[in-house]
Amino acid sequence: MEFRDLKMQYKKNEIGIDKAIKSVLEQGDYINGREVKILESNLANYVGVKNCISCANGTDALTLVLMAWEIKEGDAVFVPNFTFFASGEVVSFQGATPIFVDVDERTFNICPKKLREAIETVIREGNLNPKVIIPVDLFGLPADYQEIEKIAKEYQLKILEDGAQGFGGSINGRKACSFGDAATTSFFPAKPLGCYGDGGAIFTNDDETAKKIESLKVHGKGVDKYDNISIGINSRLDTIQAAILNIKLRAFIEHELSDSIKIAKKYDEFISDKIKKPYIPIGFISSYAQYTIILESKKQRDTLYNVLSEKGIPSMIYYNKPMNRQKAFANLESYQDKYMVSEMLSDCVLSLPMHPYMEITDIRKVANIINDFIEK
């Protein structure tokens with residue numbers, strides 16, 4: 001059994017993907033080929049924003065937005081404490097200070113109440129300038145933007161949606177990667193929409209931000225790449241990856257997203273209610289980048305992980321260490337007394353095999369092993 005069956009996905013889309021790759025090879029246009037602009041247009045239309053700018057990876061996507069907004073030393077950027085390292089790393093890379101905020105136990109996403117507390121603490125202490133909130137759409141579920149947008153407006157902060165795992169999710173019909181002042185996603189192969197290497201994209205309705213990012217991603221170019229008007233980076237999506245993504249985006253829209261939701265519902269049905277399963281608020285849709293359950297303790301989680309492994313079923317622990325315990329952030333001051341939810345989740349979460357090509361027999365097999373384990 002595969003955790004995320006990319007080989008099966010390729011087989012199902014083999015003809016279209018091979019044809020797309022061959023077309024690029026025949027053109028010989030490997031950088032900024034026409035497929036890149038086609039993809040950017042397709043993505044912008046799907047998400048429902050004016051501008052989509054592709055780049056080399058999801059981390060660069062976040063970095064480019066912070067660069068365009070001129071985030072710098074002395075600025076405070078609010079980041080969930082339970083997420084992948086890159087969400088905070090990009091803040092430090094700009095010389096700014098990531099302020100880690102505890103998350104909601106049910107959604108795994110940044111807690112609006114704790115966010116407000118952290119902002120007010122930073123303002124009260126007066127050492128940093130609050131500038132940006134980076135909510136993360138963890139495991140495919142969009143963060144609570146209805147509350148986050150209210151908070152951002154009240155404190156005059158920008159919102160940068162980290163939709164690396166959230167692509168395809170939505171809130172009341174509004175797509176992930178359309179929230180805030182700008183949003184990003186990742187095309188890492190295991191993401192809901194992944195390529196066959198690294199890739200990323202930025203989404204925004206702000207034409208000025210889009211224009212800056214278009215320049216920054218090619219060494220701060222002006223009229224051409226030999227006219228450099230600012231210090232930028234080299235971050236372009238390869239034409240071959242864009243060609244692959246155009247095929248995979250079609251499959252994602254036609255059936256992969258809906259199939260993933262159906263599989264998650266089967267997990268919900270088959271797995272015992274003694275287990276805490278993913279919580280999806282009313283009006284929200286998750287793209288189920290992961291199907292993540294919560295066990296009662298670290299010991300129980302680790303034991304189940306081993307039981308599944310012994311039976312040939314891969315599972316993953318996202319994430320076994322919250323941001324505040326990462327060595328790279330050891331010098332940062334804590335703006336919250338405790339990160340109780342983040343610490344608990346790091347000890348107790350387990351992500352199960354999840355992809356749109358799972359067979360119902362495999363879903364039932366995983367569920368039966370978990371149920372037997374819990375009963376014993």
# chains A, B, ... in the order shown; residues from 1 in each chain; ligands from 1
call {"tool": "residues_around", "arguments": {"residues": "A:Phe100", "least_positions_apart": "4", "cutoff": "6 Å", "atoms": "only C-alpha atoms", "output": "PyMOL selection string"}}
result
chain A and resi 79-81
call {"tool": "write_last_selection", "arguments": {"atoms": "all heavy atoms", "output": "mmCIF file, in the first residue's frame"}}
result
data_model
loop_
_atom_site.group_PDB
_atom_site.id
_atom_site.type_symbol
_atom_site.label_atom_id
_atom_site.label_comp_id
_atom_site.auth_asym_id
_atom_site.auth_seq_id
_atom_site.Cartn_x
_atom_site.Cartn_y
_atom_site.Cartn_z
ATOM 1 N N VAL A 79 2.717 33.272 13.029
ATOM 2 C CA VAL A 79 2.748 31.976 12.350
ATOM 3 C C VAL A 79 2.218 30.898 13.300
ATOM 4 O O VAL A 79 2.541 30.927 14.497
ATOM 5 C CB VAL A 79 4.205 31.624 11.943
ATOM 6 C CG1 VAL A 79 4.261 30.286 11.224
ATOM 7 C CG2 VAL A 79 4.810 32.724 11.079
ATOM 8 N N PRO A 80 1.428 29.945 12.810
ATOM 9 C CA PRO A 80 0.983 28.863 13.694
ATOM 10 C C PRO A 80 2.163 28.050 14.215
ATOM 11 O O PRO A 80 3.150 27.838 13.495
ATOM 12 C CB PRO A 80 0.066 28.016 12.814
ATOM 13 C CG PRO A 80 0.396 28.394 11.409
ATOM 14 C CD PRO A 80 0.864 29.811 11.449
ATOM 15 N N ASN A 81 2.056 27.613 15.441
ATOM 16 C CA ASN A 81 3.149 26.860 16.063
ATOM 17 C C ASN A 81 3.200 25.412 15.598
ATOM 18 O O ASN A 81 4.233 24.758 15.726
ATOM 19 C CB ASN A 81 2.990 26.899 17.592
ATOM 20 C CG ASN A 81 4.237 26.433 18.313
ATOM 21 O OD1 ASN A 81 5.339 26.863 18.007
ATOM 22 N ND2 ASN A 81 4.061 25.544 19.285
#
call {"tool": "closest_residue", "arguments": {"among": "A:Ile363, A:Met340, A:Leu128, A:Leu66", "to": "A:Lys114", "atoms": "only C-alpha atoms"}}
result
A:Met340
call {"tool": "closest_residue", "arguments": {"among": "A:Ile202, A:Ala251, A:Ile15, A:Ile280", "to": "A:Asn109", "atoms": "only C-alpha atoms"}}
result
A:Ile280
call {"tool": "select_by_dssp", "arguments": {"residues": "stretch 277-346 of chain A", "states": "alpha helix (DSSP H)", "output": "list in words"}}
result
Lys298, Lys299, Gln300, Arg301, Asp302, Thr303, Leu304, Tyr305, Asn306, Val307, Leu308, Ser309, Glu310, Met340, Val341, Ser342, Glu343, Met344, Leu345 and Ser346 of chain A
call {"tool": "closest_residue", "arguments": {"among": "A:Glu70, A:Cys348, A:Gly88, A:Ile285", "to": "A:Met323", "atoms": "only C-alpha atoms"}}
result
A:Gly88
call {"tool": "decode", "arguments": {"residues": "stretch 77-124 of chain A", "atoms": "N, CA and C atoms", "output": "PDB file, in the first residue's frame"}}
result
ATOM      1  N   VAL A  77       5.887  38.739  12.504  1.00  0.00           N
ATOM      2  CA  VAL A  77       5.013  37.975  11.612  1.00  0.00           C
ATOM      3  C   VAL A  77       4.460  36.799  12.406  1.00  0.00           C
ATOM      4  N   PHE A  78       3.133  36.654  12.414  1.00  0.00           N
ATOM      5  CA  PHE A  78       2.464  35.671  13.265  1.00  0.00           C
ATOM      6  C   PHE A  78       2.213  34.380  12.483  1.00  0.00           C
ATOM      7  N   VAL A  79       2.717  33.272  13.029  1.00  0.00           N
ATOM      8  CA  VAL A  79       2.748  31.976  12.350  1.00  0.00           C
ATOM      9  C   VAL A  79       2.218  30.898  13.300  1.00  0.00           C
ATOM     10  N   PRO A  80       1.428  29.945  12.810  1.00  0.00           N
ATOM     11  CA  PRO A  80       0.983  28.863  13.694  1.00  0.00           C
ATOM     12  C   PRO A  80       2.163  28.050  14.215  1.00  0.00           C
ATOM     13  N   ASN A  81       2.056  27.613  15.441  1.00  0.00           N
ATOM     14  CA  ASN A  81       3.149  26.860  16.063  1.00  0.00           C
ATOM     15  C   ASN A  81       3.200  25.412  15.598  1.00  0.00           C
ATOM     16  N   PHE A  82       2.108  24.917  15.035  1.00  0.00           N
ATOM     17  CA  PHE A  82       2.035  23.525  14.574  1.00  0.00           C
ATOM     18  C   PHE A  82       1.945  23.540  13.057  1.00  0.00           C
ATOM     19  N   THR A  83       3.097  23.465  12.404  1.00  0.00           N
ATOM     20  CA  THR A  83       3.147  23.506  10.947  1.00  0.00           C
ATOM     21  C   THR A  83       4.541  23.093  10.498  1.00  0.00           C
ATOM     22  N   PHE A  84       4.764  23.067   9.191  1.00  0.00           N
ATOM     23  CA  PHE A  84       6.079  22.749   8.647  1.00  0.00           C
ATOM     24  C   PHE A  84       7.018  23.939   8.854  1.00  0.00           C
ATOM     25  N   PHE A  85       8.283  23.647   9.027  1.00  0.00           N
ATOM     26  CA  PHE A  85       9.315  24.616   9.371  1.00  0.00           C
ATOM     27  C   PHE A  85       9.343  25.830   8.434  1.00  0.00           C
ATOM     28  N   ALA A  86       9.079  25.624   7.140  1.00  0.00           N
ATOM     29  CA  ALA A  86       9.214  26.700   6.152  1.00  0.00           C
ATOM     30  C   ALA A  86       8.345  27.911   6.469  1.00  0.00           C
ATOM     31  N   SER A  87       7.186  27.689   7.091  1.00  0.00           N
ATOM     32  CA  SER A  87       6.269  28.800   7.365  1.00  0.00           C
ATOM     33  C   SER A  87       6.892  29.837   8.284  1.00  0.00           C
ATOM     34  N   GLY A  88       7.773  29.402   9.177  1.00  0.00           N
ATOM     35  CA  GLY A  88       8.483  30.329  10.048  1.00  0.00           C
ATOM     36  C   GLY A  88       9.854  30.684   9.519  1.00  0.00           C
ATOM     37  N   GLU A  89      10.470  29.753   8.825  1.00  0.00           N
ATOM     38  CA  GLU A  89      11.821  29.958   8.276  1.00  0.00           C
ATOM     39  C   GLU A  89      11.881  31.183   7.368  1.00  0.00           C
ATOM     40  N   VAL A  90      10.859  31.347   6.516  1.00  0.00           N
ATOM     41  CA  VAL A  90      10.873  32.457   5.553  1.00  0.00           C
ATOM     42  C   VAL A  90      10.849  33.809   6.267  1.00  0.00           C
ATOM     43  N   VAL A  91      10.251  33.854   7.451  1.00  0.00           N
ATOM     44  CA  VAL A  91      10.203  35.092   8.229  1.00  0.00           C
ATOM     45  C   VAL A  91      11.604  35.434   8.724  1.00  0.00           C
ATOM     46  N   SER A  92      12.274  34.458   9.318  1.00  0.00           N
ATOM     47  CA  SER A  92      13.635  34.666   9.805  1.00  0.00           C
ATOM     48  C   SER A  92      14.589  34.989   8.663  1.00  0.00           C
ATOM     49  N   PHE A  93      14.351  34.391   7.511  1.00  0.00           N
ATOM     50  CA  PHE A  93      15.190  34.633   6.337  1.00  0.00           C
ATOM     51  C   PHE A  93      15.169  36.109   5.947  1.00  0.00           C
ATOM     52  N   GLN A  94      14.051  36.783   6.207  1.00  0.00           N
ATOM     53  CA  GLN A  94      13.926  38.209   5.913  1.00  0.00           C
ATOM     54  C   GLN A  94      14.486  39.080   7.038  1.00  0.00           C
ATOM     55  N   GLY A  95      14.940  38.441   8.109  1.00  0.00           N
ATOM     56  CA  GLY A  95      15.449  39.197   9.249  1.00  0.00           C
ATOM     57  C   GLY A  95      14.368  39.592  10.230  1.00  0.00           C
ATOM     58  N   ALA A  96      13.117  39.249   9.911  1.00  0.00           N
ATOM     59  CA  ALA A  96      11.994  39.555  10.794  1.00  0.00           C
ATOM     60  C   ALA A  96      11.869  38.489  11.876  1.00  0.00           C
ATOM     61  N   THR A  97      10.908  38.663  12.771  1.00  0.00           N
ATOM     62  CA  THR A  97      10.741  37.743  13.898  1.00  0.00           C
ATOM     63  C   THR A  97       9.430  36.978  13.778  1.00  0.00           C
ATOM     64  N   PRO A  98       9.496  35.637  13.663  1.00  0.00           N
ATOM     65  CA  PRO A  98       8.255  34.863  13.685  1.00  0.00           C
ATOM     66  C   PRO A  98       7.717  34.773  15.106  1.00  0.00           C
ATOM     67  N   ILE A  99       6.440  35.063  15.240  1.00  0.00           N
ATOM     68  CA  ILE A  99       5.763  34.942  16.535  1.00  0.00           C
ATOM     69  C   ILE A  99       4.848  33.727  16.445  1.00  0.00           C
ATOM     70  N   PHE A 100       5.166  32.691  17.200  1.00  0.00           N
ATOM     71  CA  PHE A 100       4.413  31.444  17.089  1.00  0.00           C
ATOM     72  C   PHE A 100       3.134  31.492  17.929  1.00  0.00           C
ATOM     73  N   VAL A 101       2.061  31.018  17.310  1.00  0.00           N
ATOM     74  CA  VAL A 101       0.732  31.077  17.913  1.00  0.00           C
ATOM     75  C   VAL A 101       0.169  29.662  17.991  1.00  0.00           C
ATOM     76  N   ASP A 102      -0.399  29.321  19.136  1.00  0.00           N
ATOM     77  CA  ASP A 102      -0.961  27.980  19.298  1.00  0.00           C
ATOM     78  C   ASP A 102      -2.168  27.789  18.373  1.00  0.00           C
ATOM     79  N   VAL A 103      -2.522  26.532  18.163  1.00  0.00           N
ATOM     80  CA  VAL A 103      -3.541  26.196  17.169  1.00  0.00           C
ATOM     81  C   VAL A 103      -4.806  25.650  17.826  1.00  0.00           C
ATOM     82  N   ASP A 104      -5.846  25.542  17.016  1.00  0.00           N
ATOM     83  CA  ASP A 104      -7.122  24.978  17.452  1.00  0.00           C
ATOM     84  C   ASP A 104      -7.025  23.457  17.466  1.00  0.00           C
ATOM     85  N   GLU A 105      -7.479  22.840  18.537  1.00  0.00           N
ATOM     86  CA  GLU A 105      -7.340  21.386  18.700  1.00  0.00           C
ATOM     87  C   GLU A 105      -8.134  20.613  17.653  1.00  0.00           C
ATOM     88  N   ARG A 106      -9.245  21.155  17.191  1.00  0.00           N
ATOM     89  CA  ARG A 106     -10.096  20.412  16.258  1.00  0.00           C
ATOM     90  C   ARG A 106      -9.651  20.574  14.810  1.00  0.00           C
ATOM     91  N   THR A 107      -9.246  21.792  14.437  1.00  0.00           N
ATOM     92  CA  THR A 107      -8.901  22.043  13.030  1.00  0.00           C
ATOM     93  C   THR A 107      -7.413  21.961  12.750  1.00  0.00           C
ATOM     94  N   PHE A 108      -6.570  22.020  13.784  1.00  0.00           N
ATOM     95  CA  PHE A 108      -5.103  22.055  13.679  1.00  0.00           C
ATOM     96  C   PHE A 108      -4.594  23.393  13.159  1.00  0.00           C
ATOM     97  N   ASN A 109      -5.480  24.328  12.856  1.00  0.00           N
ATOM     98  CA  ASN A 109      -5.094  25.618  12.288  1.00  0.00           C
ATOM     99  C   ASN A 109      -4.970  26.687  13.362  1.00  0.00           C
ATOM    100  N   ILE A 110      -4.330  27.802  13.008  1.00  0.00           N
ATOM    101  CA  ILE A 110      -4.055  28.877  13.958  1.00  0.00           C
ATOM    102  C   ILE A 110      -5.336  29.282  14.696  1.00  0.00           C
ATOM    103  N   CYS A 111      -5.213  29.453  15.996  1.00  0.00           N
ATOM    104  CA  CYS A 111      -6.361  29.781  16.847  1.00  0.00           C
ATOM    105  C   CYS A 111      -6.565  31.294  16.860  1.00  0.00           C
ATOM    106  N   PRO A 112      -7.701  31.793  16.380  1.00  0.00           N
ATOM    107  CA  PRO A 112      -7.930  33.243  16.367  1.00  0.00           C
ATOM    108  C   PRO A 112      -7.810  33.894  17.746  1.00  0.00           C
ATOM    109  N   LYS A 113      -8.299  33.233  18.779  1.00  0.00           N
ATOM    110  CA  LYS A 113      -8.223  33.794  20.130  1.00  0.00           C
ATOM    111  C   LYS A 113      -6.769  33.960  20.567  1.00  0.00           C
ATOM    112  N   LYS A 114      -5.964  32.925  20.340  1.00  0.00           N
ATOM    113  CA  LYS A 114      -4.544  32.987  20.691  1.00  0.00           C
ATOM    114  C   LYS A 114      -3.799  33.986  19.807  1.00  0.00           C
ATOM    115  N   LEU A 115      -4.251  34.113  18.559  1.00  0.00           N
ATOM    116  CA  LEU A 115      -3.640  35.080  17.643  1.00  0.00           C
ATOM    117  C   LEU A 115      -3.817  36.495  18.177  1.00  0.00           C
ATOM    118  N   ARG A 116      -5.027  36.809  18.576  1.00  0.00           N
ATOM    119  CA  ARG A 116      -5.295  38.149  19.123  1.00  0.00           C
ATOM    120  C   ARG A 116      -4.431  38.399  20.359  1.00  0.00           C
ATOM    121  N   GLU A 117      -4.322  37.410  21.219  1.00  0.00           N
ATOM    122  CA  GLU A 117      -3.510  37.553  22.427  1.00  0.00           C
ATOM    123  C   GLU A 117      -2.056  37.836  22.080  1.00  0.00           C
ATOM    124  N   ALA A 118      -1.529  37.112  21.084  1.00  0.00           N
ATOM    125  CA  ALA A 118      -0.133  37.294  20.693  1.00  0.00           C
ATOM    126  C   ALA A 118       0.101  38.687  20.108  1.00  0.00           C
ATOM    127  N   ILE A 119      -0.821  39.152  19.273  1.00  0.00           N
ATOM    128  CA  ILE A 119      -0.694  40.488  18.681  1.00  0.00           C
ATOM    129  C   ILE A 119      -0.684  41.552  19.776  1.00  0.00           C
ATOM    130  N   GLU A 120      -1.604  41.423  20.719  1.00  0.00           N
ATOM    131  CA  GLU A 120      -1.691  42.421  21.775  1.00  0.00           C
ATOM    132  C   GLU A 120      -0.459  42.406  22.673  1.00  0.00           C
ATOM    133  N   THR A 121       0.118  41.229  22.892  1.00  0.00           N
ATOM    134  CA  THR A 121       1.347  41.134  23.686  1.00  0.00           C
ATOM    135  C   THR A 121       2.500  41.840  22.989  1.00  0.00           C
ATOM    136  N   VAL A 122       2.630  41.619  21.682  1.00  0.00           N
ATOM    137  CA  VAL A 122       3.703  42.266  20.914  1.00  0.00           C
ATOM    138  C   VAL A 122       3.533  43.784  20.941  1.00  0.00           C
ATOM    139  N   ILE A 123       2.306  44.244  20.762  1.00  0.00           N
ATOM    140  CA  ILE A 123       2.044  45.693  20.790  1.00  0.00           C
ATOM    141  C   ILE A 123       2.370  46.267  22.166  1.00  0.00           C
ATOM    142  N   ARG A 124       1.953  45.575  23.202  1.00  0.00           N
ATOM    143  CA  ARG A 124       2.163  46.050  24.574  1.00  0.00           C
ATOM    144  C   ARG A 124       3.656  46.143  24.909  1.00  0.00           C
TER     145      ARG A 124
END
